[in-house]
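Pasted below: final-v1.txt, compact mmCIF, C-alpha atoms.
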# COMPACT_ATOMS: atom_id res chain seq x y z
CA MET A 75 120.39 117.85 98.28
CA ASP A 76 118.79 120.65 100.25
CA LYS A 77 117.75 119.84 103.77
CA ILE A 78 114.10 118.83 103.98
CA THR A 79 112.13 118.71 107.22
CA LEU A 80 108.62 117.32 107.56
CA SER A 81 106.92 118.30 110.82
CA TYR A 82 103.88 116.43 112.12
CA PHE A 83 102.54 114.68 115.19
CA ASP A 84 104.48 111.77 116.64
CA PHE A 85 102.48 108.80 115.47
CA ASP A 86 102.57 106.44 112.50
CA GLY A 87 99.40 107.70 110.87
CA GLY A 88 97.44 110.81 110.03
CA ARG A 89 97.89 113.36 107.32
CA ALA A 90 101.69 113.22 107.07
CA GLU A 91 102.16 109.46 107.10
CA PRO A 92 101.63 108.92 103.34
CA THR A 93 104.16 111.68 102.67
CA ARG A 94 106.72 110.07 104.98
CA ILE A 95 106.28 106.75 103.16
CA ALA A 96 106.47 108.36 99.70
CA MET A 97 109.65 110.26 100.65
CA SER A 98 111.17 107.07 101.98
CA ILE A 99 110.34 105.17 98.78
CA ALA A 100 111.75 108.06 96.72
CA GLY A 101 115.00 107.68 98.65
CA ILE A 102 114.84 111.24 99.95
CA THR A 103 116.72 111.99 103.15
CA PHE A 104 114.57 114.13 105.38
CA GLU A 105 114.26 115.09 109.01
CA ASP A 106 111.18 113.37 110.37
CA ASP A 107 110.31 116.05 112.91
CA ARG A 108 107.79 114.41 115.25
CA LEU A 109 105.92 116.84 117.46
CA SER A 110 104.47 116.30 120.89
CA PHE A 111 101.12 118.03 121.34
CA GLU A 112 102.86 120.39 123.74
CA LYS A 113 105.48 121.28 121.14
CA PHE A 114 102.73 121.83 118.55
CA ARG A 115 100.90 124.20 120.89
CA GLU A 116 104.11 126.18 121.31
CA MET A 117 104.91 126.42 117.60
CA ARG A 118 101.38 126.54 116.17
CA GLU A 119 101.19 130.32 115.83
CA SER A 120 104.46 130.33 113.92
CA THR A 121 103.16 128.01 111.18
CA PRO A 122 101.60 129.59 108.07
CA LEU A 123 98.10 128.21 108.67
CA ASN A 124 98.31 127.20 112.36
CA ALA A 125 98.43 123.59 111.26
CA VAL A 126 100.69 120.67 110.45
CA PRO A 127 102.03 118.92 108.45
CA ILE A 128 104.45 121.53 107.24
CA LEU A 129 107.39 120.97 104.95
CA GLU A 130 110.57 123.02 105.17
CA ILE A 131 112.87 123.27 102.18
CA LYS A 132 115.76 125.73 102.04
CA GLY A 133 114.35 127.51 105.08
CA LYS A 134 110.94 128.07 103.47
CA THR A 135 107.77 126.52 104.83
CA TYR A 136 105.08 124.84 102.74
CA THR A 137 101.68 123.35 103.55
CA GLN A 138 99.04 120.93 102.16
CA ASN A 139 99.68 117.25 102.58
CA ASN A 140 98.26 116.11 99.24
CA ALA A 141 100.43 118.58 97.36
CA MET A 142 103.35 116.95 99.16
CA ASN A 143 102.08 113.45 98.34
CA ARG A 144 101.91 114.34 94.68
CA TYR A 145 105.33 116.00 94.60
CA PHE A 146 107.21 113.21 96.36
CA GLY A 147 104.98 110.58 94.75
CA LYS A 148 106.25 111.72 91.36
CA GLN A 149 109.84 111.32 92.55
CA ALA A 150 109.05 107.85 93.90
CA GLY A 151 107.31 106.62 90.73
CA LEU A 152 104.07 106.53 92.70
CA TYR A 153 102.05 109.01 90.66
CA PRO A 154 100.41 108.40 87.26
CA SER A 155 101.64 110.36 84.26
CA ASP A 156 98.43 109.68 82.33
CA PRO A 157 96.01 112.55 83.09
CA TRP A 158 92.94 110.37 83.60
CA GLN A 159 94.78 107.94 85.85
CA ALA A 160 96.12 110.97 87.74
CA PHE A 161 92.50 112.11 88.14
CA LEU A 162 91.54 108.76 89.67
CA CYS A 163 94.54 108.96 91.99
CA ASP A 164 93.71 112.56 92.98
CA GLU A 165 90.05 111.79 93.62
CA VAL A 166 91.08 109.20 96.20
CA LEU A 167 93.67 111.50 97.83
CA GLU A 168 91.09 114.23 98.26
CA MET A 169 88.27 111.96 99.43
CA ILE A 170 90.39 110.62 102.26
CA ASP A 171 91.19 114.14 103.47
CA ASP A 172 87.49 114.95 103.58
CA MET A 173 86.84 111.83 105.64
CA SER A 174 89.78 112.53 107.96
CA LEU A 175 88.54 116.05 108.54
CA ALA A 176 85.12 114.71 109.53
CA MET A 177 86.93 112.51 112.07
CA VAL A 178 89.02 115.38 113.44
CA ARG A 179 85.83 117.29 114.20
CA THR A 180 84.81 114.55 116.66
CA PHE A 181 88.05 114.80 118.66
CA GLY A 182 87.51 116.38 122.06
CA LEU A 183 83.87 115.25 122.30
CA GLU A 184 83.00 113.04 125.26
CA GLY A 185 80.29 110.71 126.50
CA ASP A 186 76.98 110.63 124.62
CA GLU A 187 78.08 113.44 122.31
CA LEU A 188 81.05 111.38 121.15
CA VAL A 189 78.91 108.24 120.73
CA GLN A 190 76.41 110.17 118.61
CA ALA A 191 79.08 111.90 116.51
CA ARG A 192 80.91 108.64 115.77
CA GLU A 193 77.61 106.90 114.98
CA ASN A 194 76.84 109.73 112.56
CA LEU A 195 80.18 109.12 110.87
CA THR A 196 79.93 105.33 110.61
CA SER A 197 76.37 105.45 109.30
CA GLY A 198 76.98 108.50 107.10
CA PRO A 199 80.10 109.93 105.46
CA PHE A 200 82.44 107.08 106.40
CA LYS A 201 80.03 104.47 105.08
CA ARG A 202 79.47 106.36 101.84
CA GLY A 203 83.19 107.04 101.42
CA LEU A 204 84.31 103.47 102.10
CA GLN A 205 81.64 102.06 99.80
CA MET A 206 82.69 104.42 97.03
CA LEU A 207 86.35 103.50 97.49
CA ASP A 208 85.44 99.81 97.45
CA LYS A 209 83.65 100.29 94.12
CA ARG A 210 86.48 102.38 92.71
CA LEU A 211 88.98 99.67 93.60
CA GLU A 212 86.80 96.99 92.01
CA ALA A 213 86.39 99.05 88.84
CA ALA A 214 90.17 99.58 88.65
CA GLY A 215 90.83 95.83 88.74
CA ASP A 216 90.75 95.14 92.50
CA GLU A 217 94.47 95.57 92.99
CA TRP A 218 95.45 99.27 92.90
CA PHE A 219 93.37 102.45 92.70
CA ALA A 220 94.93 103.95 89.59
CA ASP A 221 97.31 103.30 86.74
CA ASN A 222 97.30 99.51 87.35
CA ASN A 223 100.13 100.36 89.70
CA PHE A 224 100.89 101.02 93.31
CA THR A 225 100.48 104.80 93.77
CA VAL A 226 100.20 107.39 96.54
CA ALA A 227 96.43 106.84 96.43
CA ASP A 228 97.01 103.29 97.68
CA ILE A 229 99.26 104.55 100.46
CA LYS A 230 96.68 107.15 101.46
CA VAL A 231 93.85 104.61 101.69
CA TYR A 232 96.11 102.13 103.48
CA VAL A 233 97.00 104.62 106.24
CA TYR A 234 93.35 105.56 106.65
CA VAL A 235 91.91 102.04 106.73
CA LYS A 236 94.65 100.90 109.10
CA ARG A 237 93.62 103.69 111.47
CA LEU A 238 89.96 102.68 111.29
CA LYS A 239 90.89 99.06 111.93
CA SER A 240 93.19 99.90 114.84
CA GLY A 241 90.44 99.73 117.42
CA GLY A 242 91.92 102.93 118.81
CA LEU A 243 89.00 105.11 117.73
CA ASP A 244 86.21 104.94 120.29
CA HIS A 245 82.88 103.68 118.93
CA ILE A 246 84.41 102.56 115.65
CA PRO A 247 84.75 98.77 115.92
CA ALA A 248 87.95 97.32 114.45
CA ASP A 249 85.88 95.21 112.04
CA TYR A 250 83.93 98.20 110.72
CA PRO A 251 85.88 98.40 107.41
CA ASP A 252 85.54 94.62 106.93
CA LYS A 253 81.77 94.94 107.09
CA ILE A 254 81.46 98.00 104.86
CA ALA A 255 84.29 97.57 102.37
CA PRO A 256 86.08 94.21 102.56
CA ARG A 257 88.10 94.95 99.43
CA LEU A 258 89.81 97.78 101.29
CA VAL A 259 90.96 95.44 104.04
CA GLN A 260 92.55 93.10 101.52
CA HIS A 261 94.02 96.17 99.84
CA MET A 262 95.47 97.33 103.17
CA GLU A 263 97.31 94.03 103.49
CA ARG A 264 98.49 94.30 99.88
CA VAL A 265 99.98 97.74 100.53
CA ALA A 266 101.53 96.65 103.85
CA ALA A 267 103.39 93.93 101.93
CA GLN A 268 104.84 96.31 99.33
CA PRO A 269 108.66 96.28 99.62
CA GLY A 270 108.89 100.06 99.95
CA VAL A 271 106.33 100.10 102.75
CA VAL A 272 107.96 97.16 104.54
CA ALA A 273 111.34 98.89 104.27
CA TYR A 274 109.94 102.16 105.62
CA TYR A 275 108.52 100.58 108.76
CA ALA A 276 111.59 98.40 109.22
CA GLY A 277 113.62 101.62 109.21
CA ARG A 278 111.26 103.17 111.75
CA GLY A 279 111.86 100.22 114.07
CA GLU A 280 115.60 100.75 114.20
CA MET B 70 83.85 113.19 72.54
CA ASP B 71 81.91 111.51 75.35
CA LYS B 72 79.18 113.56 76.94
CA ILE B 73 80.39 115.35 80.06
CA THR B 74 78.09 116.86 82.66
CA LEU B 75 79.21 119.03 85.55
CA SER B 76 76.55 119.46 88.25
CA TYR B 77 76.76 122.23 90.82
CA PHE B 78 74.75 125.07 92.30
CA ASP B 79 73.42 127.78 90.03
CA PHE B 80 75.79 130.63 90.67
CA ASP B 81 79.02 131.92 89.14
CA GLY B 82 81.26 130.94 92.02
CA GLY B 83 82.01 128.24 94.55
CA ARG B 84 83.80 124.97 94.19
CA ALA B 85 82.82 124.20 90.59
CA GLU B 86 83.46 127.60 89.05
CA PRO B 87 87.21 127.10 88.42
CA THR B 88 86.39 123.77 86.74
CA ARG B 89 83.79 125.41 84.50
CA ILE B 90 86.33 128.04 83.46
CA ALA B 91 89.10 125.47 82.88
CA MET B 92 86.79 123.28 80.76
CA SER B 93 85.77 126.31 78.74
CA ILE B 94 89.40 127.30 78.12
CA ALA B 95 90.21 123.69 77.17
CA GLY B 96 87.46 123.91 74.56
CA ILE B 97 85.52 121.04 76.10
CA THR B 98 81.82 120.89 75.40
CA PHE B 99 79.98 120.03 78.59
CA GLU B 100 76.53 120.29 80.08
CA ASP B 101 76.66 122.97 82.75
CA ASP B 102 74.02 121.43 85.00
CA ARG B 103 73.05 124.20 87.42
CA LEU B 104 71.09 123.01 90.42
CA SER B 105 68.52 124.87 92.45
CA PHE B 106 68.81 124.13 96.18
CA GLU B 107 65.52 122.25 95.89
CA LYS B 108 66.86 120.07 93.08
CA PHE B 109 70.02 119.41 95.11
CA ARG B 110 67.96 118.31 98.12
CA GLU B 111 66.09 115.88 95.86
CA MET B 112 69.21 114.36 94.26
CA ARG B 113 71.63 114.61 97.17
CA GLU B 114 71.18 111.03 98.39
CA SER B 115 71.89 109.73 94.89
CA THR B 116 75.33 111.37 94.70
CA PRO B 117 78.35 109.32 95.81
CA LEU B 118 79.24 111.55 98.78
CA ASN B 119 75.99 113.54 99.21
CA ALA B 120 77.75 116.53 97.75
CA VAL B 121 78.39 118.51 94.60
CA PRO B 122 80.20 119.24 92.33
CA ILE B 123 79.95 115.92 90.57
CA LEU B 124 81.22 115.12 87.12
CA GLU B 125 79.54 112.59 84.86
CA ILE B 126 81.48 110.97 82.04
CA LYS B 127 80.15 107.99 80.10
CA GLY B 128 77.41 107.55 82.70
CA LYS B 129 79.88 107.31 85.58
CA THR B 130 79.99 109.84 88.39
CA TYR B 131 83.15 111.38 89.83
CA THR B 132 83.85 113.74 92.72
CA GLN B 133 86.49 116.14 94.07
CA ASN B 134 86.71 119.55 92.49
CA ASN B 135 90.49 119.93 92.62
CA ALA B 136 90.98 116.59 90.89
CA MET B 137 88.72 118.02 88.16
CA ASN B 138 90.66 121.30 88.09
CA ARG B 139 93.90 119.41 87.59
CA TYR B 140 92.50 117.09 84.91
CA PHE B 141 90.90 119.80 82.80
CA GLY B 142 93.67 122.23 83.67
CA LYS B 143 96.13 119.90 81.96
CA GLN B 144 93.94 119.85 78.85
CA ALA B 145 93.72 123.65 78.89
CA GLY B 146 97.46 124.23 79.32
CA LEU B 147 96.73 125.62 82.77
CA TYR B 148 98.72 123.15 84.86
CA PRO B 149 102.51 123.06 85.32
CA SER B 150 104.44 120.08 84.00
CA ASP B 151 107.41 120.83 86.27
CA PRO B 152 106.86 118.92 89.55
CA TRP B 153 107.86 121.76 91.87
CA GLN B 154 105.73 124.30 90.00
CA ALA B 155 102.90 121.74 90.15
CA PHE B 156 103.45 121.60 93.93
CA LEU B 157 103.09 125.37 94.20
CA CYS B 158 99.92 125.23 92.08
CA ASP B 159 98.50 122.35 94.18
CA GLU B 160 99.27 124.06 97.48
CA VAL B 161 97.13 127.01 96.40
CA LEU B 162 94.29 124.80 95.11
CA GLU B 163 94.13 122.95 98.40
CA MET B 164 94.46 126.02 100.63
CA ILE B 165 91.46 127.64 99.00
CA ASP B 166 89.33 124.57 99.62
CA ASP B 167 90.25 124.66 103.30
CA MET B 168 89.24 128.32 103.49
CA SER B 169 86.01 127.71 101.57
CA LEU B 170 85.11 124.88 103.92
CA ALA B 171 85.60 127.18 106.92
CA MET B 172 83.16 129.57 105.25
CA VAL B 173 80.59 126.86 104.53
CA ARG B 174 80.51 126.02 108.22
CA THR B 175 79.18 129.52 108.95
CA PHE B 176 76.24 129.17 106.56
CA GLY B 177 72.95 128.84 108.40
CA LEU B 178 74.14 130.75 111.47
CA GLU B 179 72.19 133.88 112.38
CA GLY B 180 72.45 137.00 114.49
CA ASP B 181 75.27 137.23 117.02
CA GLU B 182 76.42 133.71 116.26
CA LEU B 183 76.98 134.63 112.62
CA VAL B 184 78.75 137.88 113.55
CA GLN B 185 81.09 136.01 115.88
CA ALA B 186 81.76 133.19 113.40
CA ARG B 187 82.57 135.60 110.58
CA GLU B 188 84.74 137.71 112.89
CA ASN B 189 86.61 134.52 113.83
CA LEU B 190 87.21 133.85 110.12
CA THR B 191 88.35 137.34 109.17
CA SER B 192 90.70 137.63 112.16
CA GLY B 193 91.85 133.99 111.94
CA PRO B 194 92.02 131.50 109.07
CA PHE B 195 91.03 133.92 106.30
CA LYS B 196 93.59 136.47 107.42
CA ARG B 197 96.35 133.87 107.68
CA GLY B 198 95.37 132.31 104.35
CA LEU B 199 95.16 135.56 102.43
CA GLN B 200 98.45 136.77 103.89
CA MET B 201 100.15 133.52 102.92
CA LEU B 202 98.74 133.72 99.39
CA ASP B 203 99.88 137.33 99.12
CA LYS B 204 103.43 136.28 100.07
CA ARG B 205 103.34 133.29 97.72
CA LEU B 206 102.30 135.54 94.84
CA GLU B 207 105.05 138.03 95.65
CA ALA B 208 107.65 135.24 95.83
CA ALA B 209 106.47 133.88 92.46
CA GLY B 210 107.01 137.25 90.78
CA ASP B 211 103.73 139.03 91.60
CA GLU B 212 101.98 137.99 88.41
CA TRP B 213 100.93 134.30 88.59
CA PHE B 214 101.09 131.74 91.41
CA ALA B 215 103.12 129.07 89.63
CA ASP B 216 105.11 128.31 86.52
CA ASN B 217 105.40 132.00 85.56
CA ASN B 218 102.13 131.30 83.80
CA PHE B 219 98.40 131.61 84.21
CA THR B 220 97.28 128.31 85.84
CA VAL B 221 94.25 126.80 87.55
CA ALA B 222 95.69 128.12 90.84
CA ASP B 223 95.14 131.64 89.57
CA ILE B 224 91.57 130.81 88.57
CA LYS B 225 90.92 129.28 91.98
CA VAL B 226 92.19 132.32 93.88
CA TYR B 227 90.35 134.66 91.52
CA VAL B 228 86.98 132.98 92.13
CA TYR B 229 87.58 133.02 95.88
CA VAL B 230 88.75 136.64 96.19
CA LYS B 231 85.93 137.78 93.91
CA ARG B 232 83.47 136.15 96.29
CA LEU B 233 85.05 137.82 99.33
CA LYS B 234 84.94 141.17 97.54
CA SER B 235 81.35 140.75 96.42
CA GLY B 236 79.92 142.29 99.56
CA GLY B 237 77.45 139.40 99.51
CA LEU B 238 78.91 137.69 102.56
CA ASP B 239 77.51 139.22 105.73
CA HIS B 240 80.12 140.70 108.07
CA ILE B 241 82.87 140.44 105.49
CA PRO B 242 83.36 143.96 104.13
CA ALA B 243 83.98 144.17 100.39
CA ASP B 244 87.33 145.85 101.04
CA TYR B 245 88.53 143.12 103.39
CA PRO B 246 90.89 141.53 100.82
CA ASP B 247 92.27 144.97 99.89
CA LYS B 248 93.29 145.54 103.50
CA ILE B 249 94.76 142.10 104.12
CA ALA B 250 96.22 141.13 100.76
CA PRO B 251 96.21 143.92 98.17
CA ARG B 252 98.28 141.85 95.72
CA LEU B 253 95.38 139.42 95.48
CA VAL B 254 92.99 142.16 94.42
CA GLN B 255 95.31 143.23 91.61
CA HIS B 256 95.71 139.56 90.74
CA MET B 257 91.91 139.17 90.60
CA GLU B 258 91.75 141.94 88.01
CA ARG B 259 94.63 140.34 86.08
CA VAL B 260 92.77 137.01 85.89
CA ALA B 261 89.48 138.66 84.99
CA ALA B 262 91.23 140.22 81.96
CA GLN B 263 92.62 136.91 80.67
CA PRO B 264 91.11 136.21 77.23
CA GLY B 265 89.91 132.73 78.26
CA VAL B 266 88.14 134.10 81.31
CA VAL B 267 86.63 137.01 79.39
CA ALA B 268 85.39 134.57 76.73
CA TYR B 269 83.88 132.25 79.33
CA TYR B 270 81.80 134.96 80.97
CA ALA B 271 80.86 136.45 77.60
CA GLY B 272 79.51 133.00 76.69
CA ARG B 273 77.60 132.86 79.99
CA GLY B 274 75.91 136.13 79.16
CA GLU B 275 74.46 134.87 75.91
Spell out the structure here as C-alpha cells.
Amino acid sequence: MDKITLSYFDFDGGRAEPTRIAMSIAGITFEDDRLSFEKFREMRESTPLNAVPILEIKGKTYTQNNAMNRYFGKQAGLYPSDPWQAFLCDEVLEMIDDMSLAMVRTFGLEGDELVQARENLTSGPFKRGLQMLDKRLEAAGDEWFADNNFTVADIKVYVYVKRLKSGGLDHIPADYPDKIAPRLVQHMERVAAQPGVVAYYAGRGE
Amino acid sequence: MDKITLSYFDFDGGRAEPTRIAMSIAGITFEDDRLSFEKFREMRESTPLNAVPILEIKGKTYTQNNAMNRYFGKQAGLYPSDPWQAFLCDEVLEMIDDMSLAMVRTFGLEGDELVQARENLTSGPFKRGLQMLDKRLEAAGDEWFADNNFTVADIKVYVYVKRLKSGGLDHIPADYPDKIAPRLVQHMERVAAQPGVVAYYAGRGE
C-alpha cells in the first residue's frame, strides 16, 4: 500500500471529514495530517489551488474533496454502482459543497454584518437546501439518500447537519435544522449509529 | 424514453454546456430549454435552489451539473469505469466549477472594480487552475485528462477554455490561456474536432 496523506484543518468536520470517515470504513491506512491555521498559512502557497483538503499519494498531490469521497467511497462499499442511484448520491455531495461555500463566505464578518449574512443564509440558501434534502430523503424511503443503502452522501449530510446543530456557528440556533428539516436530524442520528462511523470516532478518541 | 428537459441560459457555454454535449453524444433526446435572463428571473423562485441548470425527468426536478455530466457521461461512454481514472476525471470536473464560480462573482462589477477583480483572477485562481490542468494533461499523456480516452472532463475543460479564449470576458485577453497553459489550447482544438462534438454543434446550427 502506498503511503496516503490527507491534509486538512484540525477539527472533526468540514470538507475533509467525510473523506476521513470513508477511508476509515474502507480500512485504508492514511496519515491524518491535521493543520493548525498557522501551518496552513505557511504551506498554502505550496498547494496546487491554495486550498485544502489535499491528498498525497506516491508524492503527488490531488485536490477536490468530492472526488476523494467518491474514490474512497467506492473502496468502502459506500458508493452506488447503479448510474441513477450514483446521480442521486452525487447531487447530494455537490449540494452540500455549495452550502458549505456559502457559509465560508461569512467567516471573518463581525457584528451586524455577520448577523445579516447569517440571517440571509438561514432564510435563503440553507433553508432551500435543507428543505430539498429533506424531500429527497423522504422520496428515497426516509432512511438513506441513495441506493437504499448507507453511502457517502449520508456521511456528507451527517457532517454538515451536525455542524449546523453544534451551536458553534453564531446566529444559527442549534435547533435550526430541527425546524426546517426534521428528517435530517433523525438521519444524523442514524448515521452516527452506523458501526463504521462509531468505530471511526472511537479510534479518534484513542 | 421519459421526457427529459434541461433548462439553462441561452448560450453555447457555461455550466450546462458539457451536459448538453454529453446527452447529444449519448443519443438522448431532450428538450434544450434555453432561458432568457427575463424568463430565469420569473422562474427562479420555483427552482429547488434558485439556480440553473435544472434537469426535469418524469416531472421531477434535479440539480447539480457535474452529477448530470457523470450520469449522462456514463451513458455516452465518456466516463471512466476504473475508480482511479474516475477520480482524475472528477477532480477536473470539480476544479472547473470552482473556477467558474470565481468568475461568476465578478459579474455585475464595473469600472476599476471589475478590472481589479479580473486581474485578481488571472494572476490568482485562474492561473493556478490552468497551470494545474496543464500539468495534469501532460501527466496523463497530453491527449485526454483521464482513462486515455475522451471523457466528460475533456468536454468540461474545452467549454471553459473556449470561453476564456472568446475575448468576450472583459480584461481577460483572448490569448491568456495560450500564455498560461498552451497544452489546454491544443486540447481545446482536439476536443472541438471530436466527431460527437462536431455533430452536436452541426445540429445546433440547423
Distance criterion (all atoms listed in the file): nearest to chain B out of A:Val265, A:Ala141, A:Ile128, A:Met117
A:Ala141
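Straight-line separation from CA of Leu157 in chain B to CA of Ala215 in chain B: 5.9 Å.
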Taking only C-alpha atoms into account and nothing else, which residues of chain B lie no more than 8 Å away from chain A? Please answer as a PyMOL selection string.
chain B and resi 117-118+131-133+136-137+139-140+143+152-153+155-157+159-160+163-164+194+197-198+201
Return as JSON the centre and edge lengths, in Å with one decimal, of the box along x, y and z that encloses every atom of range 114-119 of chain B in the file, padded by 5 Å per side.
{"center_x": 75.2, "center_y": 111.4, "center_z": 97.0, "size_x": 18.1, "size_y": 14.2, "size_z": 14.5}
Mind pulling up the distance from CA of Met177 in chain A to CA of Pro247 in chain A?
14.4 Å
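You can rank B:Asp247, B:Asp223, B:Asp203, B:Glu100 by their closest distance to Ile73 in chain B using all atoms listed in the file, and at the top of that list sits B:Glu100.
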Near range 79-92 of chain B, within 8 Å and counting all atoms listed in the file, which residues show up once chain neighbours fewer than 6 positions away are dropped, as a ChimeraX atom specification?
/B:98-99,101,103-105,122,134,137-138,141-142,145,147,166,221,224-225,228-229,232,265-266,269
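Between CA of Leu124 in chain B and CA of Ala95 in chain B the separation is 15.9 Å.
Residues with any atom within 12 Å of Lys204 in chain B, counting only C-alpha atoms and excluding same-chain neighbours fewer than 6 positions away, are A:Pro122, A:Lys134, A:Thr135, A:Tyr136, B:Val161, B:Arg197, B:Gly198, B:Gly210, B:Asp211, B:Glu212, B:Trp213, B:Phe214, B:Ile249, B:Ala250, B:Pro251, B:Arg252, B:Leu253.
Proximity of A:Asp221, A:Leu80, A:Met173, A:Leu188 to Ser98 in chain A, computed with all atoms listed in the file, is greatest for A:Leu80.
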Please complete range 198-224 of chain B with N, CA and C atoms and give it back as an mmCIF file, in the coordinates of the input.
data_model
loop_
_atom_site.group_PDB
_atom_site.id
_atom_site.type_symbol
_atom_site.label_atom_id
_atom_site.label_comp_id
_atom_site.auth_asym_id
_atom_site.auth_seq_id
_atom_site.Cartn_x
_atom_site.Cartn_y
_atom_site.Cartn_z
ATOM 1 N N GLY B 198 95.356 132.861 105.704
ATOM 2 C CA GLY B 198 95.370 132.310 104.350
ATOM 3 C C GLY B 198 95.656 133.369 103.303
ATOM 4 N N LEU B 199 94.964 134.495 103.413
ATOM 5 C CA LEU B 199 95.160 135.560 102.430
ATOM 6 C C LEU B 199 96.577 136.125 102.513
ATOM 7 N N GLN B 200 97.076 136.273 103.734
ATOM 8 C CA GLN B 200 98.450 136.770 103.890
ATOM 9 C C GLN B 200 99.462 135.809 103.288
ATOM 10 N N MET B 201 99.226 134.512 103.483
ATOM 11 C CA MET B 201 100.150 133.520 102.920
ATOM 12 C C MET B 201 100.086 133.551 101.395
ATOM 13 N N LEU B 202 98.872 133.654 100.846
ATOM 14 C CA LEU B 202 98.740 133.720 99.390
ATOM 15 C C LEU B 202 99.411 134.982 98.840
ATOM 16 N N ASP B 203 99.250 136.084 99.544
ATOM 17 C CA ASP B 203 99.880 137.330 99.120
ATOM 18 C C ASP B 203 101.406 137.170 99.044
ATOM 19 N N LYS B 204 101.969 136.517 100.066
ATOM 20 C CA LYS B 204 103.430 136.280 100.070
ATOM 21 C C LYS B 204 103.836 135.300 98.971
ATOM 22 N N ARG B 205 103.033 134.263 98.777
ATOM 23 C CA ARG B 205 103.340 133.290 97.720
ATOM 24 C C ARG B 205 103.375 133.976 96.355
ATOM 25 N N LEU B 206 102.380 134.846 96.133
ATOM 26 C CA LEU B 206 102.300 135.540 94.840
ATOM 27 C C LEU B 206 103.512 136.454 94.658
ATOM 28 N N GLU B 207 103.877 137.166 95.715
ATOM 29 C CA GLU B 207 105.050 138.030 95.650
ATOM 30 C C GLU B 207 106.301 137.211 95.318
ATOM 31 N N ALA B 208 106.456 136.079 96.032
ATOM 32 C CA ALA B 208 107.650 135.240 95.830
ATOM 33 C C ALA B 208 107.704 134.663 94.419
ATOM 34 N N ALA B 209 106.524 134.470 93.809
ATOM 35 C CA ALA B 209 106.470 133.880 92.460
ATOM 36 C C ALA B 209 106.636 134.926 91.366
ATOM 37 N N GLY B 210 106.783 136.203 91.774
ATOM 38 C CA GLY B 210 107.010 137.250 90.780
ATOM 39 C C GLY B 210 105.848 138.222 90.637
ATOM 40 N N ASP B 211 104.861 138.099 91.511
ATOM 41 C CA ASP B 211 103.730 139.030 91.600
ATOM 42 C C ASP B 211 102.889 139.091 90.317
ATOM 43 N N GLU B 212 102.880 138.006 89.561
ATOM 44 C CA GLU B 212 101.980 137.990 88.410
ATOM 45 C C GLU B 212 101.066 136.764 88.500
ATOM 46 N N TRP B 213 101.679 135.558 88.488
ATOM 47 C CA TRP B 213 100.930 134.300 88.590
ATOM 48 C C TRP B 213 101.482 133.452 89.731
ATOM 49 N N PHE B 214 100.686 132.505 90.221
ATOM 50 C CA PHE B 214 101.090 131.740 91.410
ATOM 51 C C PHE B 214 102.127 130.657 91.131
ATOM 52 N N ALA B 215 102.181 130.163 89.912
ATOM 53 C CA ALA B 215 103.120 129.070 89.630
ATOM 54 C C ALA B 215 103.520 129.111 88.167
ATOM 55 N N ASP B 216 104.720 128.609 87.889
ATOM 56 C CA ASP B 216 105.110 128.310 86.520
ATOM 57 C C ASP B 216 105.333 129.554 85.667
ATOM 58 N N ASN B 217 105.363 130.728 86.312
ATOM 59 C CA ASN B 217 105.400 132.000 85.560
ATOM 60 C C ASN B 217 104.321 132.047 84.487
ATOM 61 N N ASN B 218 103.208 131.396 84.773
ATOM 62 C CA ASN B 218 102.130 131.300 83.800
ATOM 63 C C ASN B 218 100.783 131.346 84.508
ATOM 64 N N PHE B 219 99.785 131.702 83.769
ATOM 65 C CA PHE B 219 98.400 131.610 84.210
ATOM 66 C C PHE B 219 98.040 130.122 84.379
ATOM 67 N N THR B 220 97.634 129.719 85.583
ATOM 68 C CA THR B 220 97.280 128.310 85.840
ATOM 69 C C THR B 220 95.933 128.229 86.572
ATOM 70 N N VAL B 221 95.499 126.999 86.803
ATOM 71 C CA VAL B 221 94.250 126.800 87.550
ATOM 72 C C VAL B 221 94.351 127.370 88.970
ATOM 73 N N ALA B 222 95.555 127.481 89.517
ATOM 74 C CA ALA B 222 95.690 128.120 90.840
ATOM 75 C C ALA B 222 95.234 129.567 90.785
ATOM 76 N N ASP B 223 95.584 130.248 89.718
ATOM 77 C CA ASP B 223 95.140 131.640 89.570
ATOM 78 C C ASP B 223 93.624 131.724 89.457
ATOM 79 N N ILE B 224 93.036 130.799 88.711
ATOM 80 C CA ILE B 224 91.570 130.810 88.570
ATOM 81 C C ILE B 224 90.918 130.554 89.919
#
